[in-house]
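Colleague: Structure file upload10.txt, compact mmCIF, C-alpha atoms, is pasted below:
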```
# COMPACT_ATOMS: atom_id res chain seq x y z
CA MET Q 1 0.00 0.00 0.00
CA ASN Q 2 1.49 3.34 -0.96
CA LYS Q 3 1.78 6.41 1.28
CA SER Q 4 -1.11 8.30 -0.26
CA ASP Q 5 -3.40 5.34 0.38
CA GLU Q 6 -2.18 5.09 3.96
CA LYS Q 7 -2.88 8.77 4.53
CA LEU Q 8 -6.34 8.39 3.04
CA ASN Q 9 -7.06 5.31 5.16
CA GLN Q 10 -6.05 7.22 8.30
CA LEU Q 11 -8.49 9.98 7.42
CA LEU Q 12 -11.30 7.55 6.63
CA ASN Q 13 -10.74 5.69 9.88
CA GLY Q 14 -11.21 8.98 11.71
CA ILE Q 15 -14.94 9.05 10.98
CA GLN Q 16 -17.04 8.51 14.04
CA THR Q 17 -20.43 7.11 13.24
CA VAL Q 18 -23.27 8.55 15.29
CA PRO Q 19 -24.39 5.54 17.31
CA SER Q 20 -27.93 4.27 16.95
CA ASN Q 21 -30.44 4.44 19.75
CA PRO Q 22 -29.54 1.70 22.22
CA ASN Q 23 -33.05 0.26 21.99
CA LEU Q 24 -33.07 -0.09 18.18
CA ALA Q 25 -32.72 -3.86 18.24
CA GLN Q 26 -35.43 -4.16 20.91
CA ARG Q 27 -37.78 -1.95 18.89
CA ILE Q 28 -37.31 -4.21 15.87
CA ILE Q 29 -37.88 -7.37 17.90
CA ILE Q 30 -41.03 -5.99 19.55
CA GLY Q 31 -42.26 -4.61 16.24
CA ALA Q 32 -41.93 -8.03 14.63
CA LYS Q 33 -44.07 -9.64 17.33
CA ALA Q 34 -46.85 -7.23 16.51
CA GLN Q 35 -46.69 -8.03 12.78
CA PRO Q 36 -49.20 -10.56 11.46
CA ARG Q 37 -47.70 -13.37 9.47
CA VAL Q 38 -49.25 -15.76 6.96
CA THR Q 39 -49.25 -19.27 8.44
CA THR Q 40 -47.55 -22.10 6.61
CA SER Q 41 -50.88 -23.79 5.91
CA ALA Q 42 -51.83 -20.96 3.56
CA VAL Q 43 -49.37 -21.96 0.90
CA SER Q 44 -49.71 -20.40 -2.51
CA GLU Q 45 -50.64 -22.57 -5.47
CA GLU Q 46 -47.31 -21.92 -7.10
CA THR Q 47 -45.42 -23.04 -3.99
CA PHE Q 48 -47.58 -26.14 -3.70
CA ILE Q 49 -46.98 -27.14 -7.30
CA LYS Q 50 -43.25 -26.54 -6.93
CA GLN Q 51 -43.11 -28.64 -3.78
CA PHE Q 52 -45.15 -31.41 -5.40
CA LEU Q 53 -42.93 -31.55 -8.49
CA HIS Q 54 -39.86 -31.45 -6.28
CA SER Q 55 -41.16 -34.51 -4.43
CA LEU Q 56 -41.27 -36.45 -7.70
CA ILE Q 57 -37.56 -36.71 -7.89
CA PHE Q 58 -37.02 -39.17 -10.73
CA PRO Q 59 -33.88 -39.33 -12.76
CA LYS Q 60 -34.18 -38.29 -16.38
CA PRO Q 61 -33.60 -41.81 -17.81
CA ALA Q 62 -36.61 -43.01 -15.84
CA TYR Q 63 -38.74 -40.34 -17.48
CA ALA Q 64 -37.43 -41.39 -20.91
CA LEU Q 65 -38.19 -45.05 -20.22
CA ALA Q 66 -41.67 -44.28 -18.94
CA CYS Q 67 -42.41 -42.16 -22.02
CA SER Q 68 -41.15 -44.89 -24.37
CA MET Q 69 -43.32 -47.49 -22.67
CA LEU Q 70 -46.33 -45.22 -22.85
CA VAL Q 71 -45.78 -44.60 -26.57
CA GLY Q 72 -45.34 -48.33 -27.14
CA VAL Q 73 -48.58 -49.15 -25.36
CA LEU Q 74 -50.49 -46.50 -27.27
CA LEU Q 75 -49.13 -47.69 -30.62
CA GLY Q 76 -49.92 -51.28 -29.82
CA TRP Q 77 -53.40 -50.40 -28.70
CA GLN Q 78 -54.22 -48.61 -31.92
CA ASN Q 79 -52.73 -51.27 -34.27
CA PRO Q 80 -55.71 -53.29 -35.70
CA GLU Q 81 -53.67 -56.50 -36.20
CA PHE Q 82 -53.45 -56.88 -32.48
CA ASN Q 83 -57.09 -56.09 -31.78
CA MET Q 84 -58.25 -58.59 -29.11
CA ASN Q 85 -61.81 -58.88 -30.42
CA THR Q 86 -60.61 -59.84 -33.90
CA ILE Q 87 -58.30 -62.48 -32.50
CA GLN Q 88 -61.09 -63.87 -30.37
CA VAL Q 89 -63.57 -64.06 -33.29
CA THR Q 90 -60.96 -65.67 -35.47
CA SER Q 91 -60.11 -68.27 -32.88
CA VAL Q 92 -63.80 -69.03 -32.20
CA ASP Q 93 -64.45 -69.48 -35.93
CA GLU Q 94 -61.51 -71.79 -36.24
CA ASP Q 95 -62.68 -73.80 -33.28
CA ILE Q 96 -66.15 -74.22 -34.73
CA SER Q 97 -64.79 -75.17 -38.14
CA SER Q 98 -62.46 -77.72 -36.65
CA LEU Q 99 -65.28 -79.21 -34.59
CA PHE Q 100 -67.48 -79.45 -37.69
CA LEU Q 101 -64.76 -81.12 -39.60
CA ALA Q 102 -64.19 -83.47 -36.76
CA GLU Q 103 -67.89 -84.39 -36.74
CA VAL Q 104 -67.87 -84.94 -40.46
CA ASN Q 105 -64.81 -87.06 -40.28
CA PHE Q 106 -66.28 -89.08 -37.47
CA TYR Q 107 -69.42 -90.01 -39.37
CA GLU Q 108 -67.71 -90.76 -42.67
CA MET Y 109 -28.18 -29.44 20.30
CA LYS Y 110 -26.82 -26.00 19.50
CA SER Y 111 -28.23 -22.97 21.25
CA LEU Y 112 -29.58 -20.15 19.11
CA GLU Y 113 -26.45 -18.08 19.72
CA GLN Y 114 -24.32 -20.89 18.32
CA GLN Y 115 -26.37 -21.27 15.15
CA THR Y 116 -25.16 -19.70 11.94
CA ASP Y 117 -27.18 -16.97 10.25
CA GLU Y 118 -28.35 -19.41 7.60
CA GLU Y 119 -29.54 -21.89 10.26
CA LEU Y 120 -31.39 -19.09 12.03
CA MET Y 121 -33.09 -18.16 8.76
CA ILE Y 122 -34.47 -21.69 8.46
CA LEU Y 123 -35.95 -21.31 11.93
CA ILE Y 124 -37.32 -17.86 11.11
CA LYS Y 125 -39.12 -19.36 8.11
CA ALA Y 126 -40.82 -21.62 10.66
CA PHE Y 127 -41.95 -18.57 12.68
CA ASN Y 128 -39.34 -18.89 15.38
CA HIS Y 129 -39.33 -15.39 16.91
CA ASP Y 130 -36.40 -16.19 19.21
CA ALA Y 131 -34.29 -17.01 16.17
CA PHE Y 132 -35.31 -13.68 14.64
CA SER Y 133 -34.39 -11.87 17.88
CA THR Y 134 -30.97 -13.52 17.86
CA LEU Y 135 -30.36 -12.48 14.27
CA VAL Y 136 -31.46 -8.90 14.92
CA THR Y 137 -29.29 -8.58 18.03
CA ARG Y 138 -26.34 -10.01 16.15
CA HIS Y 139 -26.50 -7.72 13.12
CA THR Y 140 -28.35 -4.49 13.93
CA ASP Y 141 -25.21 -2.46 14.63
CA ARG Y 142 -23.44 -3.59 11.50
CA PHE Y 143 -26.30 -2.75 9.17
CA TYR Y 144 -27.04 0.49 10.98
CA ALA Y 145 -23.42 1.58 10.49
CA LEU Y 146 -23.65 0.91 6.74
CA SER Y 147 -26.94 2.79 6.47
CA TYR Y 148 -25.59 5.72 8.47
CA ARG Y 149 -22.46 6.03 6.36
CA THR Y 150 -24.67 6.04 3.26
CA LEU Y 151 -27.34 8.47 4.44
CA PHE Y 152 -25.54 10.44 7.18
CA ASN Y 153 -28.81 10.70 9.06
CA GLN Y 154 -29.35 8.75 12.28
CA SER Y 155 -33.13 8.48 12.14
CA ASP Y 156 -33.19 7.56 8.44
CA ALA Y 157 -30.55 4.90 9.03
CA GLU Y 158 -32.54 3.43 11.94
CA ASP Y 159 -35.72 3.42 9.85
CA ILE Y 160 -33.98 1.60 7.02
CA VAL Y 161 -32.66 -1.11 9.33
CA GLN Y 162 -35.98 -1.49 11.12
CA GLU Y 163 -38.04 -1.71 7.91
CA SER Y 164 -35.61 -4.17 6.35
CA PHE Y 165 -35.68 -6.52 9.33
CA LEU Y 166 -39.47 -6.31 9.59
CA LYS Y 167 -39.72 -7.11 5.89
CA LEU Y 168 -37.51 -10.12 6.54
CA TRP Y 169 -39.79 -11.26 9.37
CA CYS Y 170 -42.97 -10.86 7.34
CA LYS Y 171 -41.56 -12.44 4.17
CA PRO Y 172 -38.76 -14.84 5.09
CA GLU Y 173 -39.40 -16.71 1.85
CA LEU Y 174 -37.49 -13.90 0.11
CA TRP Y 175 -34.34 -15.59 1.40
CA LYS Y 176 -33.49 -18.44 -0.97
CA GLU Y 177 -31.16 -21.02 0.41
CA LYS Y 178 -28.48 -21.60 -2.15
CA LYS Y 179 -25.15 -23.32 -1.89
CA ASN Y 180 -22.43 -20.93 -0.68
CA SER Y 181 -24.86 -18.05 -0.34
CA LYS Y 182 -24.46 -15.99 2.80
CA PHE Y 183 -27.23 -14.27 4.71
CA THR Y 184 -25.12 -11.17 5.32
CA THR Y 185 -24.38 -10.67 1.60
CA TRP Y 186 -28.09 -10.95 0.81
CA PHE Y 187 -29.14 -8.60 3.60
CA TYR Y 188 -26.47 -6.08 2.67
CA ARG Y 189 -28.12 -5.99 -0.76
CA ILE Y 190 -31.49 -5.26 0.82
CA ILE Y 191 -30.06 -2.44 2.94
CA VAL Y 192 -28.15 -0.97 -0.02
CA ASN Y 193 -31.26 -0.95 -2.23
CA ALA Y 194 -33.36 0.55 0.57
CA CYS Y 195 -30.80 3.35 0.99
CA TYR Y 196 -30.78 4.03 -2.76
CA ASP Y 197 -34.58 4.16 -2.80
CA LEU Y 198 -34.69 6.58 0.11
CA ASN Y 199 -32.12 8.85 -1.50
CA LYS Y 200 -34.12 8.87 -4.74
CA LYS Y 201 -37.31 9.78 -2.90
CA LYS Y 202 -35.56 12.56 -1.04
CA SER Y 203 -34.00 14.06 -4.13
CA SER Y 204 -37.27 13.92 -6.10
CA ARG Y 205 -39.06 15.53 -3.13
CA GLU Y 206 -36.47 18.30 -3.05
CA MET Y 207 -36.82 18.86 -6.78
CA SER Y 208 -40.59 19.17 -6.52
CA LEU Y 209 -40.44 21.73 -3.73
CA GLU Y 210 -40.39 25.39 -4.63
CA GLY Y 211 -39.18 28.56 -2.97
CA ASP Y 212 -40.06 28.84 0.72
CA ASP Y 213 -41.06 25.20 1.08
CA PHE Y 214 -37.63 24.10 -0.08
CA GLU Y 215 -35.89 26.38 2.41
CA GLN Y 216 -38.09 25.14 5.23
CA VAL Y 217 -37.39 21.50 4.49
CA ALA Y 218 -33.68 22.20 4.08
CA GLU Y 219 -33.59 23.88 7.47
CA MET Y 220 -35.40 20.99 9.12
CA SER Y 221 -33.06 18.57 7.43
CA ASP Y 222 -30.04 20.45 8.75
CA LEU Y 223 -31.42 20.29 12.28
CA SER Y 224 -31.69 16.52 12.11
CA HIS Y 225 -28.09 16.14 10.94
CA HIS Y 226 -25.31 16.38 13.39
CA GLN Y 227 -22.48 18.62 12.28
CA LEU Y 228 -20.63 16.58 9.68
CA SER Y 229 -16.90 16.40 9.96
CA THR Y 230 -14.77 17.32 6.98
CA VAL Y 231 -14.23 13.68 6.12
CA GLU Y 232 -17.91 12.85 6.38
CA ALA Y 233 -18.78 15.82 4.22
CA ALA Y 234 -16.23 14.67 1.65
CA LEU Y 235 -17.71 11.17 1.64
CA LYS Y 236 -21.20 12.58 1.33
CA ASN Y 237 -20.15 14.57 -1.72
CA LEU Y 238 -19.00 11.46 -3.54
CA PRO Y 239 -21.34 9.94 -6.12
CA GLU Y 240 -23.62 7.43 -4.43
CA ARG Y 241 -22.12 4.32 -5.98
CA GLN Y 242 -18.53 5.31 -5.25
CA ARG Y 243 -19.49 6.01 -1.67
CA MET Y 244 -21.24 2.64 -1.39
CA ALA Y 245 -18.26 0.80 -2.87
CA LEU Y 246 -15.92 2.39 -0.35
CA ASN Y 247 -18.36 1.74 2.47
CA LEU Y 248 -18.60 -1.95 1.69
CA CYS Y 249 -14.91 -2.58 1.03
CA PHE Y 250 -13.26 -0.25 3.48
CA TYR Y 251 -15.64 -0.02 6.43
CA GLU Y 252 -17.55 -3.29 6.17
CA GLU Y 253 -14.37 -5.10 5.08
CA LEU Y 254 -16.10 -7.17 2.45
CA SER Y 255 -13.97 -8.71 -0.25
CA ASN Y 256 -14.19 -7.04 -3.65
CA ALA Y 257 -16.10 -10.04 -4.98
CA GLU Y 258 -18.65 -9.88 -2.16
CA ALA Y 259 -19.07 -6.12 -2.49
CA ALA Y 260 -19.60 -6.47 -6.25
CA ASP Y 261 -22.20 -9.14 -5.58
CA VAL Y 262 -23.98 -6.88 -3.07
CA MET Y 263 -24.06 -3.97 -5.49
CA GLY Y 264 -25.04 -6.19 -8.41
CA ILE Y 265 -22.12 -5.11 -10.56
CA ARG Y 266 -19.07 -6.75 -12.07
CA LEU Y 267 -15.81 -6.97 -10.17
CA LYS Y 268 -14.03 -4.62 -12.57
CA ALA Y 269 -16.82 -2.07 -12.24
CA LEU Y 270 -16.46 -2.18 -8.46
CA GLN Y 271 -12.69 -1.77 -8.64
CA SER Y 272 -13.19 1.21 -10.92
CA LEU Y 273 -15.65 2.77 -8.47
CA ILE Y 274 -13.21 2.32 -5.58
CA MET Y 275 -10.34 3.79 -7.57
CA ARG Y 276 -12.35 6.82 -8.65
CA GLY Y 277 -13.75 7.32 -5.16
CA LYS Y 278 -10.30 7.23 -3.60
CA ALA Y 279 -8.93 9.58 -6.26
CA ALA Y 280 -11.75 12.06 -5.60
CA LEU Y 281 -11.14 11.95 -1.84
CA LYS Y 282 -7.39 12.37 -2.26
CA THR Y 283 -8.07 15.45 -4.39
CA GLN Y 284 -10.39 16.84 -1.73
CA PHE Y 285 -7.82 16.30 1.02
CA ASN Y 286 -4.90 17.40 -1.12
CA ILE Y 287 -3.20 14.06 -0.83
CA SER Y 288 -1.05 13.86 -3.90
CA GLU Y 289 0.60 10.83 -5.50
CA VAL Y 290 3.87 12.77 -5.15
CA ASP Y 291 3.89 11.70 -1.51
CA ASP Y 292 4.38 8.11 -2.67
CA HIS Y 293 7.70 8.95 -4.20
CA GLU Y 294 9.13 10.72 -1.16
```
Would you write the structure of this file as structure tokens?

Modeller:
Amino acid sequence: MNKSDEKLNQLLNGIQTVPSNPNLAQRIIIGAKAQPRVTTSAVSEETFIKQFLHSLIFPKPAYALACSMLVGVLLGWQNPEFNMNTIQVTSVDEDISSLFLAEVNFYE
Amino acid sequence: MKSLEQQTDEELMILIKAFNHDAFSTLVTRHTDRFYALSYRTLFNQSDAEDIVQESFLKLWCKPELWKEKKNSKFTTWFYRIIVNACYDLNKKKSSREMSLEGDDFEQVAEMSDLSHHQLSTVEAALKNLPERQRMALNLCFYEELSNAEAADVMGIRLKALQSLIMRGKAALKTQFNISEVDDHE
């Protein structure tokens, strides 16, 4: 530190701050007691949503896997080749035909 | 289990968020003088400085959610910022009030204002004459002994901007007190 800075620092250190009222801290503490506060139960919607999302702490790969599975299920559901009713009708028809044939073969 | 006096400021803030008035009292008792001193050296008015500190702490009590717990964030740095902004706002209000006054009204208010000030020393007067931001930079770094990085964070400016403010503030004060750089070479 050079001499001019030292001289300046000496001058600046010479300032005497006017002290605060000795009861300033007490006034603040008493004032706070008189202030109404919103209780924690009255949480804003935004805070609630943030806290809820924060509670769902899943890693990103899990989200990707869940999305892929969901897409797969949706695609499979909409694909007519895998429609359960069609499969059922087809299998019932086949069963009946095979029974008929069996009957015919039995009596021949 | 730690007593309230042993808890850090950040731990006390967690308790304050849960409406612990004793934690708030501990924090106020711990820091009132420090923040008052900063306010006083910014405003040079005892009652204004006390009002600023009181309003800021009461705001903290009513809205503790304003304090966001982040890694490596300090309560004092955050609260310094609140005090600094409150001082700036008060100065703006005062100067716009003075500009809107005319003639006799202005003289009356000026007189009343003088009565509420104690007689400023030469050094205080010199500090008061500095531009607001230079004065604040010197206050934070010299009197509050914050690091340059912390002070820049409090003022919401870059480190280089803060260093420039300090340099210009010191140069202005040296000029006022006739401290020349020639002294360095003696």

Colleague: From the options Y:Ser229, Y:Asn256, Y:Thr150, Y:Asn199, which residue's atoms come nearest to chain Q, counting all atoms listed in the file?

Modeller: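 Using all atoms listed in the file, chain Q sits closest to Y:Ser229.
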
Colleague: If we count only C-alpha atoms, which residues of chain Q reach to within 9 Å of chain Y? Please list them as a PyMOL selection string.

Modeller: chain Q and resi 2-5+7-9+11-21+24-29+31-33+35-40

Colleague: Quick check, in Å to one decimal: how far apart do CA of Lys202 in chain Y and CA of Pro239 in chain Y lie?

Modeller: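 Interatomic distance, CA of Lys202 in chain Y to CA of Pro239 in chain Y: 15.3 Å.
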
Colleague: Please compute the CA of Met244 in chain Y-CA of Leu198 in chain Y distance, one decimal, in Å.

Modeller: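 Separation between CA of Met244 in chain Y and CA of Leu198 in chain Y: 14.1 Å.
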
Colleague: Rounded to one decimal place, report the CA of Asn237 in chain Y-CA of Ala194 in chain Y distance in Å.

Modeller: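 Separating CA of Asn237 in chain Y from CA of Ala194 in chain Y is a distance of 19.4 Å.
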
Colleague: Need the shell around Lys176 in chain Y: protein/DNA/RNA residues with any atom at most 12 Å away, counting all atoms listed in the file. Skip same-chain ones fewer than 2 positions apart. Format as an MDAnalysis selection string?

Modeller: chainID Y and resid 118 121:122 125 168 171:174 178:183 186:187

Colleague: I'd like the neighbourhood of Thr185 in chain Y as JSON, numbers by chain, where a residue qualifies if any of its atoms comes within 9 Å (using all atoms listed in the file), though same-chain residues fewer than 4 positions away should be ignored.

Modeller: {"Y": [181, 189, 190, 258, 259, 261, 262]}

Colleague: Ranking Y:Glu177, Y:Tyr188, Y:Met275, Y:Gln114 by minimum distance to Arg142 in chain Y and counting all atoms listed in the file, which one comes first?

Modeller: Y:Tyr188
